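Structure file entry.cif with mmCIF, C-alpha atoms:
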data_model
loop_
_atom_site.group_PDB
_atom_site.id
_atom_site.type_symbol
_atom_site.label_atom_id
_atom_site.label_comp_id
_atom_site.auth_asym_id
_atom_site.auth_seq_id
_atom_site.Cartn_x
_atom_site.Cartn_y
_atom_site.Cartn_z
ATOM 1 C CA MET A 830 27.437 -45.653 4.746
ATOM 2 C CA SER A 831 26.508 -42.482 6.588
ATOM 3 C CA PRO A 832 23.128 -42.526 8.391
ATOM 4 C CA ALA A 833 20.162 -40.884 6.755
ATOM 5 C CA PRO A 834 19.543 -37.338 8.008
ATOM 6 C CA THR A 835 16.883 -37.068 10.685
ATOM 7 C CA HIS A 836 14.376 -34.277 11.058
ATOM 8 C CA THR A 837 12.035 -33.176 13.771
ATOM 9 C CA SER A 838 8.310 -33.393 13.052
ATOM 10 C CA GLN A 839 8.167 -29.629 12.458
ATOM 11 C CA GLU A 840 11.148 -29.764 10.098
ATOM 12 C CA GLN A 841 9.456 -32.571 8.154
ATOM 13 C CA GLU A 842 6.280 -30.508 7.880
ATOM 14 C CA ASP A 843 8.201 -27.461 6.644
ATOM 15 C CA ILE A 844 10.081 -29.530 4.047
ATOM 16 C CA ILE A 845 6.849 -31.116 2.825
ATOM 17 C CA LEU A 846 5.020 -27.796 2.478
ATOM 18 C CA ASP A 847 8.015 -26.195 0.756
ATOM 19 C CA ALA A 848 7.982 -29.136 -1.664
ATOM 20 C CA ALA A 849 4.230 -28.760 -2.164
ATOM 21 C CA ALA A 850 4.636 -25.079 -3.084
ATOM 22 C CA LYS A 851 7.324 -25.985 -5.634
ATOM 23 C CA CYS A 852 5.120 -28.689 -7.155
ATOM 24 C CA ILE A 853 2.195 -26.269 -7.457
ATOM 25 C CA GLU A 854 4.397 -23.626 -9.077
ATOM 26 C CA ALA A 855 5.592 -26.281 -11.552
ATOM 27 C CA SER A 856 2.050 -27.418 -12.394
ATOM 28 C CA SER A 857 -0.989 -25.702 -10.849
ATOM 29 C CA LEU A 858 -3.204 -25.586 -7.765
ATOM 30 C CA LEU A 859 -5.320 -28.335 -9.328
ATOM 31 C CA ASP A 860 -2.793 -30.530 -11.107
ATOM 32 C CA PHE A 861 -0.146 -31.221 -8.447
ATOM 33 C CA THR A 862 0.056 -34.748 -7.017
ATOM 34 C CA MET A 863 0.924 -36.180 -3.629
ATOM 35 C CA SER A 864 3.507 -38.435 -5.252
ATOM 36 C CA ALA A 865 5.230 -35.404 -6.772
ATOM 37 C CA ILE A 866 5.389 -33.807 -3.315
ATOM 38 C CA SER A 867 6.881 -37.012 -1.912
ATOM 39 C CA LYS A 868 9.565 -37.048 -4.606
ATOM 40 C CA GLU A 869 10.358 -33.329 -4.199
ATOM 41 C CA ALA A 870 10.539 -33.585 -0.397
ATOM 42 C CA GLY A 871 12.577 -36.807 -0.445
ATOM 43 C CA PHE A 872 10.182 -38.502 1.989
ATOM 44 C CA SER A 873 8.144 -41.667 1.700
ATOM 45 C CA MET A 874 4.403 -41.423 1.124
ATOM 46 C CA GLY A 875 3.949 -42.708 4.682
ATOM 47 C CA THR A 876 5.826 -39.686 6.029
ATOM 48 C CA ILE A 877 3.855 -37.327 3.779
ATOM 49 C CA TYR A 878 0.536 -38.682 5.055
ATOM 50 C CA LYS A 879 1.589 -38.199 8.669
ATOM 51 C CA HIS A 880 1.394 -34.451 8.007
ATOM 52 C CA ILE A 881 -1.067 -33.967 5.147
ATOM 53 C CA GLN A 882 -3.785 -36.473 4.364
ATOM 54 C CA SER A 883 -5.093 -35.074 1.075
ATOM 55 C CA LYS A 884 -4.601 -32.480 -1.645
ATOM 56 C CA GLU A 885 -7.155 -30.340 0.206
ATOM 57 C CA ASP A 886 -4.936 -30.485 3.291
ATOM 58 C CA VAL A 887 -2.059 -29.231 1.157
ATOM 59 C CA LEU A 888 -4.100 -26.214 0.037
ATOM 60 C CA VAL A 889 -5.346 -25.382 3.531
ATOM 61 C CA ALA A 890 -1.860 -25.843 5.043
ATOM 62 C CA LEU A 891 -0.342 -23.497 2.480
ATOM 63 C CA ALA A 892 -3.177 -21.020 3.121
ATOM 64 C CA TYR A 893 -2.358 -21.189 6.835
ATOM 65 C CA ARG A 894 1.220 -20.283 5.982
ATOM 66 C CA MET A 895 0.007 -17.497 3.688
ATOM 67 C CA TYR A 896 -2.270 -15.991 6.365
ATOM 68 C CA THR A 897 0.534 -16.179 8.929
ATOM 69 C CA HIS A 898 2.757 -14.232 6.541
ATOM 70 C CA LEU A 899 -0.052 -11.724 5.914
ATOM 71 C CA LEU A 900 -0.533 -11.296 9.675
ATOM 72 C CA ASN A 901 3.147 -10.438 10.068
ATOM 73 C CA THR A 902 2.851 -7.928 7.225
ATOM 74 C CA PHE A 903 -0.139 -6.258 8.885
ATOM 75 C CA LYS A 904 1.735 -6.095 12.181
ATOM 76 C CA GLU A 905 4.546 -4.327 10.351
ATOM 77 C CA ILE A 906 2.071 -1.859 8.856
ATOM 78 C CA GLN A 907 0.477 -1.381 12.277
ATOM 79 C CA SER A 908 3.861 -0.314 13.664
ATOM 80 C CA LEU A 909 4.558 2.269 10.942
ATOM 81 C CA PRO A 910 5.047 5.864 12.203
ATOM 82 C CA LEU A 911 1.857 7.030 10.483
ATOM 83 C CA PRO A 912 -1.532 8.285 11.682
ATOM 84 C CA VAL A 913 -4.230 5.605 11.809
ATOM 85 C CA PRO A 914 -6.050 6.663 8.587
ATOM 86 C CA GLU A 915 -2.746 6.509 6.707
ATOM 87 C CA ARG A 916 -1.966 3.028 8.059
ATOM 88 C CA LEU A 917 -5.384 1.839 6.914
ATOM 89 C CA MET A 918 -4.698 3.349 3.500
ATOM 90 C CA ALA A 919 -1.240 1.755 3.442
ATOM 91 C CA VAL A 920 -2.751 -1.726 3.205
ATOM 92 C CA SER A 921 -3.987 -0.863 -0.294
ATOM 93 C CA LEU A 922 -0.695 0.722 -1.333
ATOM 94 C CA ILE A 923 1.712 -2.104 -0.494
ATOM 95 C CA CYS A 924 3.232 -3.962 -3.429
ATOM 96 C CA ASN A 925 1.781 -7.472 -3.578
ATOM 97 C CA GLU A 926 4.873 -8.744 -5.361
ATOM 98 C CA LYS A 927 7.014 -7.729 -2.369
ATOM 99 C CA VAL A 928 4.776 -9.074 0.385
ATOM 100 C CA CYS A 929 3.176 -12.205 -1.125
ATOM 101 C CA LEU A 930 4.433 -15.568 0.096
ATOM 102 C CA TYR A 931 3.725 -17.544 -3.079
ATOM 103 C CA GLU A 932 3.178 -16.492 -6.665
ATOM 104 C CA PHE A 933 -0.206 -18.199 -6.455
ATOM 105 C CA ASP A 934 -1.385 -16.410 -3.260
ATOM 106 C CA ASP A 935 -4.436 -14.791 -4.858
ATOM 107 C CA GLN A 936 -5.657 -17.986 -6.497
ATOM 108 C CA LEU A 937 -5.038 -19.975 -3.300
ATOM 109 C CA GLY A 938 -7.045 -17.486 -1.254
ATOM 110 C CA SER A 939 -10.027 -17.925 -3.552
ATOM 111 C CA LEU A 940 -9.753 -21.715 -3.660
ATOM 112 C CA VAL A 941 -9.547 -22.444 0.079
ATOM 113 C CA VAL A 942 -12.884 -20.773 0.834
ATOM 114 C CA SER A 943 -14.767 -23.165 -1.436
ATOM 115 C CA LYS A 944 -16.920 -25.790 0.305
ATOM 116 C CA ALA A 945 -15.391 -28.513 -1.867
ATOM 117 C CA VAL A 946 -12.013 -27.866 -0.243
ATOM 118 C CA LEU A 947 -13.248 -27.079 3.272
ATOM 119 C CA GLN A 948 -15.355 -30.241 3.527
ATOM 120 C CA ARG A 949 -12.452 -32.508 2.557
ATOM 121 C CA ALA A 950 -9.641 -30.934 4.571
ATOM 122 C CA SER A 951 -8.729 -32.327 7.992
ATOM 123 C CA LYS A 952 -9.960 -30.583 11.130
ATOM 124 C CA GLY A 953 -6.484 -29.780 12.416
ATOM 125 C CA TRP A 954 -5.406 -27.821 9.355
ATOM 126 C CA LEU A 955 -8.800 -26.109 9.073
ATOM 127 C CA GLU A 956 -8.616 -24.888 12.658
ATOM 128 C CA LYS A 957 -5.098 -23.530 12.164
ATOM 129 C CA MET A 958 -6.055 -21.716 8.961
ATOM 130 C CA ILE A 959 -9.269 -20.222 10.373
ATOM 131 C CA HIS A 960 -7.580 -19.157 13.620
ATOM 132 C CA THR A 961 -4.889 -17.308 11.682
ATOM 133 C CA ASP A 962 -7.423 -15.782 9.291
ATOM 134 C CA LYS A 963 -9.313 -14.394 12.300
ATOM 135 C CA ALA A 964 -6.059 -13.039 13.730
ATOM 136 C CA VAL A 965 -5.464 -11.140 10.479
ATOM 137 C CA GLU A 966 -8.938 -9.617 10.770
ATOM 138 C CA GLU A 967 -8.391 -8.709 14.429
ATOM 139 C CA SER A 968 -5.033 -7.099 13.639
ATOM 140 C CA PHE A 969 -6.776 -4.834 11.139
ATOM 141 C CA ALA A 970 -9.486 -4.020 13.697
ATOM 142 C CA ASN A 971 -6.883 -3.139 16.316
ATOM 143 C CA ILE A 972 -5.547 -0.364 14.085
ATOM 144 C CA ILE A 973 -9.029 1.153 14.029
ATOM 145 C CA ARG A 974 -9.480 0.752 17.803
ATOM 146 C CA GLU A 975 -6.242 2.630 18.344
ATOM 147 C CA ALA A 976 -7.822 5.660 16.682
ATOM 148 C CA TYR A 977 -10.319 5.936 19.537
ATOM 149 C CA THR A 978 -7.645 6.103 22.216
ATOM 150 C CA THR A 979 -5.541 8.629 20.283
ATOM 151 C CA GLY A 980 -8.547 10.810 19.446
ATOM 152 C CA GLU A 981 -7.925 10.436 15.717
ATOM 153 C CA LEU A 982 -11.449 9.088 15.137
ATOM 154 C CA ILE A 983 -14.173 11.266 16.616
ATOM 155 C CA VAL A 984 -17.053 9.021 17.639
ATOM 156 C CA ASP A 985 -19.395 8.421 20.578
ATOM 157 C CA GLU A 986 -18.397 5.726 23.086
ATOM 158 C CA GLY A 987 -21.417 3.570 22.289
ATOM 159 C CA GLN A 988 -20.588 3.464 18.570
ATOM 160 C CA LYS A 989 -17.008 2.264 18.895
ATOM 161 C CA GLU A 990 -17.241 -1.477 18.280
ATOM 162 C CA ASN A 991 -19.959 -1.166 15.651
ATOM 163 C CA LEU A 992 -17.789 1.283 13.765
ATOM 164 C CA VAL A 993 -14.748 -0.976 14.065
ATOM 165 C CA GLU A 994 -16.650 -3.757 12.320
ATOM 166 C CA GLU A 995 -18.137 -1.402 9.731
ATOM 167 C CA ILE A 996 -14.790 0.108 8.725
ATOM 168 C CA ASN A 997 -13.033 -3.252 8.913
ATOM 169 C CA VAL A 998 -15.548 -5.025 6.668
ATOM 170 C CA GLY A 999 -15.685 -2.114 4.242
ATOM 171 C CA LEU A 1000 -11.928 -1.829 3.747
ATOM 172 C CA TRP A 1001 -11.400 -5.591 3.742
ATOM 173 C CA SER A 1002 -14.088 -5.948 1.076
ATOM 174 C CA MET A 1003 -12.358 -3.306 -1.042
ATOM 175 C CA CYS A 1004 -9.015 -5.135 -0.841
ATOM 176 C CA VAL A 1005 -10.448 -8.594 -1.500
ATOM 177 C CA GLY A 1006 -12.763 -7.285 -4.206
ATOM 178 C CA PHE A 1007 -9.932 -5.592 -6.058
ATOM 179 C CA THR A 1008 -7.835 -8.759 -5.863
ATOM 180 C CA GLN A 1009 -10.717 -10.809 -7.274
ATOM 181 C CA VAL A 1010 -11.258 -8.346 -10.117
ATOM 182 C CA ALA A 1011 -7.537 -8.421 -10.919
ATOM 183 C CA VAL A 1012 -7.525 -12.226 -10.994
ATOM 184 C CA GLN A 1013 -10.588 -12.335 -13.253
ATOM 185 C CA LEU A 1014 -9.185 -9.773 -15.684
ATOM 186 C CA ASP A 1015 -5.879 -11.615 -15.804
ATOM 187 C CA ALA A 1016 -7.702 -14.898 -16.496
ATOM 188 C CA ARG A 1017 -9.269 -13.363 -19.591
ATOM 189 C CA ASN A 1018 -5.775 -12.972 -21.048
ATOM 190 C CA ILE A 1019 -5.965 -16.673 -21.881
ATOM 191 C CA ILE A 1020 -8.251 -15.758 -24.783
ATOM 192 C CA GLY A 1021 -6.636 -12.380 -25.395
ATOM 193 C CA GLN A 1022 -9.406 -10.325 -23.806
ATOM 194 C CA GLY A 1023 -7.886 -9.592 -20.431
ATOM 195 C CA LYS A 1024 -6.159 -6.646 -18.856
ATOM 196 C CA ASP A 1025 -2.922 -6.554 -16.891
ATOM 197 C CA ILE A 1026 -3.191 -5.110 -13.371
ATOM 198 C CA ALA A 1027 -0.039 -3.603 -11.879
ATOM 199 C CA LEU A 1028 1.114 -5.297 -8.671
ATOM 200 C CA THR A 1029 2.203 -1.917 -7.329
ATOM 201 C CA ILE A 1030 -0.974 0.174 -7.364
ATOM 202 C CA ASN A 1031 -0.651 3.712 -8.646
ATOM 203 C CA PRO A 1032 -1.674 6.364 -6.060
ATOM 204 C CA ASP A 1033 -4.222 7.848 -8.464
ATOM 205 C CA SER A 1034 -5.748 4.495 -9.479
ATOM 206 C CA LEU A 1035 -9.449 3.791 -9.073
ATOM 207 C CA ILE A 1036 -8.983 1.435 -6.120
ATOM 208 C CA ILE A 1037 -6.955 4.028 -4.206
ATOM 209 C CA ARG A 1038 -9.425 6.811 -4.970
ATOM 210 C CA ASN A 1039 -12.304 4.602 -3.840
ATOM 211 C CA THR A 1040 -10.482 3.490 -0.684
ATOM 212 C CA ARG A 1041 -9.610 7.072 0.169
ATOM 213 C CA ARG A 1042 -13.245 8.080 -0.313
ATOM 214 C CA LEU A 1043 -14.375 5.264 1.994
ATOM 215 C CA ILE A 1044 -11.876 6.124 4.741
ATOM 216 C CA ASN A 1045 -12.688 9.834 4.557
ATOM 217 C CA SER A 1046 -16.414 9.133 4.923
ATOM 218 C CA TYR A 1047 -15.713 8.604 8.638
ATOM 219 C CA PRO A 1048 -15.086 11.431 11.165
ATOM 220 C CA TRP A 1049 -11.292 11.499 11.298
ATOM 221 C CA LYS A 1050 -9.520 14.395 12.948
ATOM 222 C CA ASN A 1051 -7.167 14.489 9.940
ATOM 223 C CA PRO A 1052 -8.601 12.861 6.774
ATOM 224 C CA ILE A 1053 -6.484 11.402 3.976
ATOM 225 C CA THR A 1054 -5.076 14.017 1.578
ATOM 226 C CA ASP A 1055 -2.788 13.999 -1.464
ATOM 227 C CA VAL A 1056 0.091 14.759 0.908
ATOM 228 C CA SER A 1057 -0.975 11.782 3.033
ATOM 229 C CA ILE A 1058 -0.792 9.478 0.010
ATOM 230 C CA GLU A 1059 2.718 10.709 -0.811
ATOM 231 C CA ASN A 1060 3.783 10.170 2.796
ATOM 232 C CA ILE A 1061 2.373 6.638 2.847
ATOM 233 C CA CYS A 1062 4.129 5.665 -0.387
ATOM 234 C CA ARG A 1063 7.435 7.078 0.813
ATOM 235 C CA THR A 1064 7.208 5.249 4.145
ATOM 236 C CA LEU A 1065 6.293 1.947 2.495
ATOM 237 C CA GLU A 1066 9.217 2.297 0.064
ATOM 238 C CA GLU A 1067 11.583 2.883 2.971
ATOM 239 C CA LYS A 1068 10.323 -0.283 4.659
ATOM 240 C CA GLY A 1069 10.589 -2.351 1.470
ATOM 241 C CA LEU A 1070 6.808 -2.819 1.250
ATOM 242 C CA ARG A 1071 6.389 -0.897 -1.999
#
Could I get this file's structure written as structure tokens?
Amino acid sequence: MSPAPTHTSQEQEDIILDAAAKCIEASSLLDFTMSAISKEAGFSMGTIYKHIQSKEDVLVALAYRMYTHLLNTFKEIQSLPLPVPERLMAVSLICNEKVCLYEFDDQLGSLVVSKAVLQRASKGWLEKMIHTDKAVEESFANIIREAYTTGELIVDEGQKENLVEEINVGLWSMCVGFTQVAVQLDARNIIGQGKDIALTINPDSLIIRNTRRLINSYPWKNPITDVSIENICRTLEEKGLR
């Protein structure tokens, strides 16, 4: 008989979380079980509990993975050959279907910020998730800071950091708010009163018009224009982000 395959601790963790994602996709974020994860991963329950101690840990661990993937996406957007205002706008124009990690990303993002989940998850996974979430926020802020050094954003020295936070919170709220609205409208489809939201947002949609208005409310050397929107969409398509 050949010996059973061995895995490093990290490989075990990856296998378990991959199995957890499959179990959630086969059931739901609420209905999956630890025993199903054990069966899917091919590990004993003892091995499972070495890495994740509860269903809440599963959710937070998958959110950590999701935020890590989002951070890499933002870094890719940050490196695009576009002016700063266009890179900020690009975040709203990427196709969620092409950049999401799991089909349940939006629902997971809403669930892991609930106190019921946060209070039951282990400290280790919480710290990893929160650290990565902050890194995503900082990556977004760094795009705005770049505008000061390039002269793209015309602002007094003393206003810099306050404006970074203001723009960051405003644009982040727009993105998260739109996602939440989309999820709520989709949920209403259960009783036939919902509305489908396209995963690839049309350049003349309400969210894009509102985001453009918000960005252009700040003193940019070159504000967003219709030509800018076309340029952003073309660049994102070339990079496989739209």
**Study point:** Nearest to Glu932 of chain A, chosen from A:Val965, A:Met895, A:Val887, A:Ile1058, with all atoms listed in the file counted in the distances
**Key:**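 Ranked by minimum distance to Glu932 of chain A, first place goes to A:Met895.
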Point to revise | Contacts of Thr835 of chain A within 12 Å, all atoms listed in the file, excl. fewer than 4 positions in-chain, as a list of chain:residue names | key: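 These residues fall inside the cut-off: A:Ser831, A:Gln839, A:Glu840, A:Gln841, A:Gly871, A:Phe872.
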Review point. Quick one: residues within 10 Å of Asn1045 of chain A, all atoms listed in the file counted, chain neighbours fewer than 6 positions away excluded, as a PyMOL selection string?
Key: chain A and resi 914+1039+1051-1054
Practice item. Please identify all polymer residues within 12 Å of Ser864 of chain A, counting only C-alpha atoms, omitting same-chain residues fewer than 2 positions from it, and present them as a PyMOL selection string. Key: chain A and resi 845+848-849+852+860-862+866-878+883-884
Within 12 Å of Lys952 of chain A using all atoms listed in the file, minus same-chain residues under 6 positions, as a CSV table (one decimal) with C-alpha atoms, keeping the file's coordinate frame:
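Result written to result32.csv:
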chain,number,residue,atom,x,y,z
A,881,ILE,CA,-1.1,-34.0,5.1
A,882,GLN,CA,-3.8,-36.5,4.4
A,885,GLU,CA,-7.2,-30.3,0.2
A,886,ASP,CA,-4.9,-30.5,3.3
A,889,VAL,CA,-5.3,-25.4,3.5
A,890,ALA,CA,-1.9,-25.8,5.0
A,946,VAL,CA,-12.0,-27.9,-0.2
A,958,MET,CA,-6.1,-21.7,9.0
A,959,ILE,CA,-9.3,-20.2,10.4
A,960,HIS,CA,-7.6,-19.2,13.6
Study note, to complete from the structure: Judged by only C-alpha atoms, the minimum distance to Trp954 of chain A among A:Arg1038, A:Val993, A:Leu891, A:Ile973 is found for A:Leu891
Check your understanding: Between atom CA of Leu955 of chain A and atom CA of Cys1004 of chain A, what is the spacing in Å?
Key ->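 For atom CA of Cys1004 of chain A relative to atom CA of Leu955 of chain A, the distance reads 23.2 Å.
For the pair atom CA of Lys1068 of chain A and atom CA of Ile923 of chain A, the interatomic distance is 10.2 Å.
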Practice item. Name the residues captured by the PyMOL selection byres ((chain A and resi 907) around 9) when it is applied to the shown file; answer as a PyMOL selection string. Key: chain A and resi 902-906+908-911+913+916-917+968-969+971-972
Output as an mmCIF file, in the frame of the given file: segment 962-979 of chain A, completed with N, CA and C atoms.
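Once written, result-v6.cif looks like this:
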data_model
loop_
_atom_site.group_PDB
_atom_site.id
_atom_site.type_symbol
_atom_site.label_atom_id
_atom_site.label_comp_id
_atom_site.auth_asym_id
_atom_site.auth_seq_id
_atom_site.Cartn_x
_atom_site.Cartn_y
_atom_site.Cartn_z
ATOM 1 N N ASP A 962 -6.615 -16.710 10.075
ATOM 2 C CA ASP A 962 -7.423 -15.782 9.291
ATOM 3 C C ASP A 962 -8.131 -14.787 10.211
ATOM 4 N N LYS A 963 -8.659 -15.283 11.337
ATOM 5 C CA LYS A 963 -9.313 -14.394 12.300
ATOM 6 C C LYS A 963 -8.310 -13.428 12.929
ATOM 7 N N ALA A 964 -7.097 -13.897 13.154
ATOM 8 C CA ALA A 964 -6.059 -13.039 13.730
ATOM 9 C C ALA A 964 -5.702 -11.903 12.785
ATOM 10 N N VAL A 965 -5.711 -12.188 11.477
ATOM 11 C CA VAL A 965 -5.464 -11.140 10.479
ATOM 12 C C VAL A 965 -6.554 -10.079 10.578
ATOM 13 N N GLU A 966 -7.805 -10.537 10.657
ATOM 14 C CA GLU A 966 -8.938 -9.617 10.770
ATOM 15 C C GLU A 966 -8.851 -8.778 12.044
ATOM 16 N N GLU A 967 -8.482 -9.413 13.145
ATOM 17 C CA GLU A 967 -8.391 -8.709 14.429
ATOM 18 C C GLU A 967 -7.255 -7.690 14.420
ATOM 19 N N SER A 968 -6.156 -8.033 13.749
ATOM 20 C CA SER A 968 -5.033 -7.099 13.639
ATOM 21 C C SER A 968 -5.461 -5.818 12.932
ATOM 22 N N PHE A 969 -6.256 -5.981 11.882
ATOM 23 C CA PHE A 969 -6.776 -4.834 11.139
ATOM 24 C C PHE A 969 -7.695 -4.011 12.038
ATOM 25 N N ALA A 970 -8.548 -4.703 12.801
ATOM 26 C CA ALA A 970 -9.486 -4.020 13.697
ATOM 27 C C ALA A 970 -8.757 -3.252 14.789
ATOM 28 N N ASN A 971 -7.637 -3.796 15.250
ATOM 29 C CA ASN A 971 -6.883 -3.139 16.316
ATOM 30 C C ASN A 971 -6.331 -1.782 15.879
ATOM 31 N N ILE A 972 -6.017 -1.658 14.593
ATOM 32 C CA ILE A 972 -5.547 -0.364 14.085
ATOM 33 C C ILE A 972 -6.657 0.668 14.234
ATOM 34 N N ILE A 973 -7.881 0.248 13.930
ATOM 35 C CA ILE A 973 -9.029 1.153 14.029
ATOM 36 C C ILE A 973 -9.313 1.495 15.491
ATOM 37 N N ARG A 974 -9.240 0.503 16.374
ATOM 38 C CA ARG A 974 -9.480 0.752 17.803
ATOM 39 C C ARG A 974 -8.485 1.767 18.362
ATOM 40 N N GLU A 975 -7.265 1.701 17.872
ATOM 41 C CA GLU A 975 -6.242 2.630 18.344
ATOM 42 C C GLU A 975 -6.663 4.077 18.113
ATOM 43 N N ALA A 976 -7.406 4.301 17.025
ATOM 44 C CA ALA A 976 -7.822 5.660 16.682
ATOM 45 C C ALA A 976 -8.734 6.266 17.740
ATOM 46 N N TYR A 977 -9.470 5.413 18.466
ATOM 47 C CA TYR A 977 -10.319 5.936 19.537
ATOM 48 C C TYR A 977 -9.482 6.477 20.683
ATOM 49 N N THR A 978 -8.457 5.713 21.067
ATOM 50 C CA THR A 978 -7.645 6.103 22.216
ATOM 51 C C THR A 978 -6.776 7.317 21.913
ATOM 52 N N THR A 979 -6.378 7.482 20.658
ATOM 53 C CA THR A 979 -5.541 8.629 20.283
ATOM 54 C C THR A 979 -6.366 9.862 19.935
#
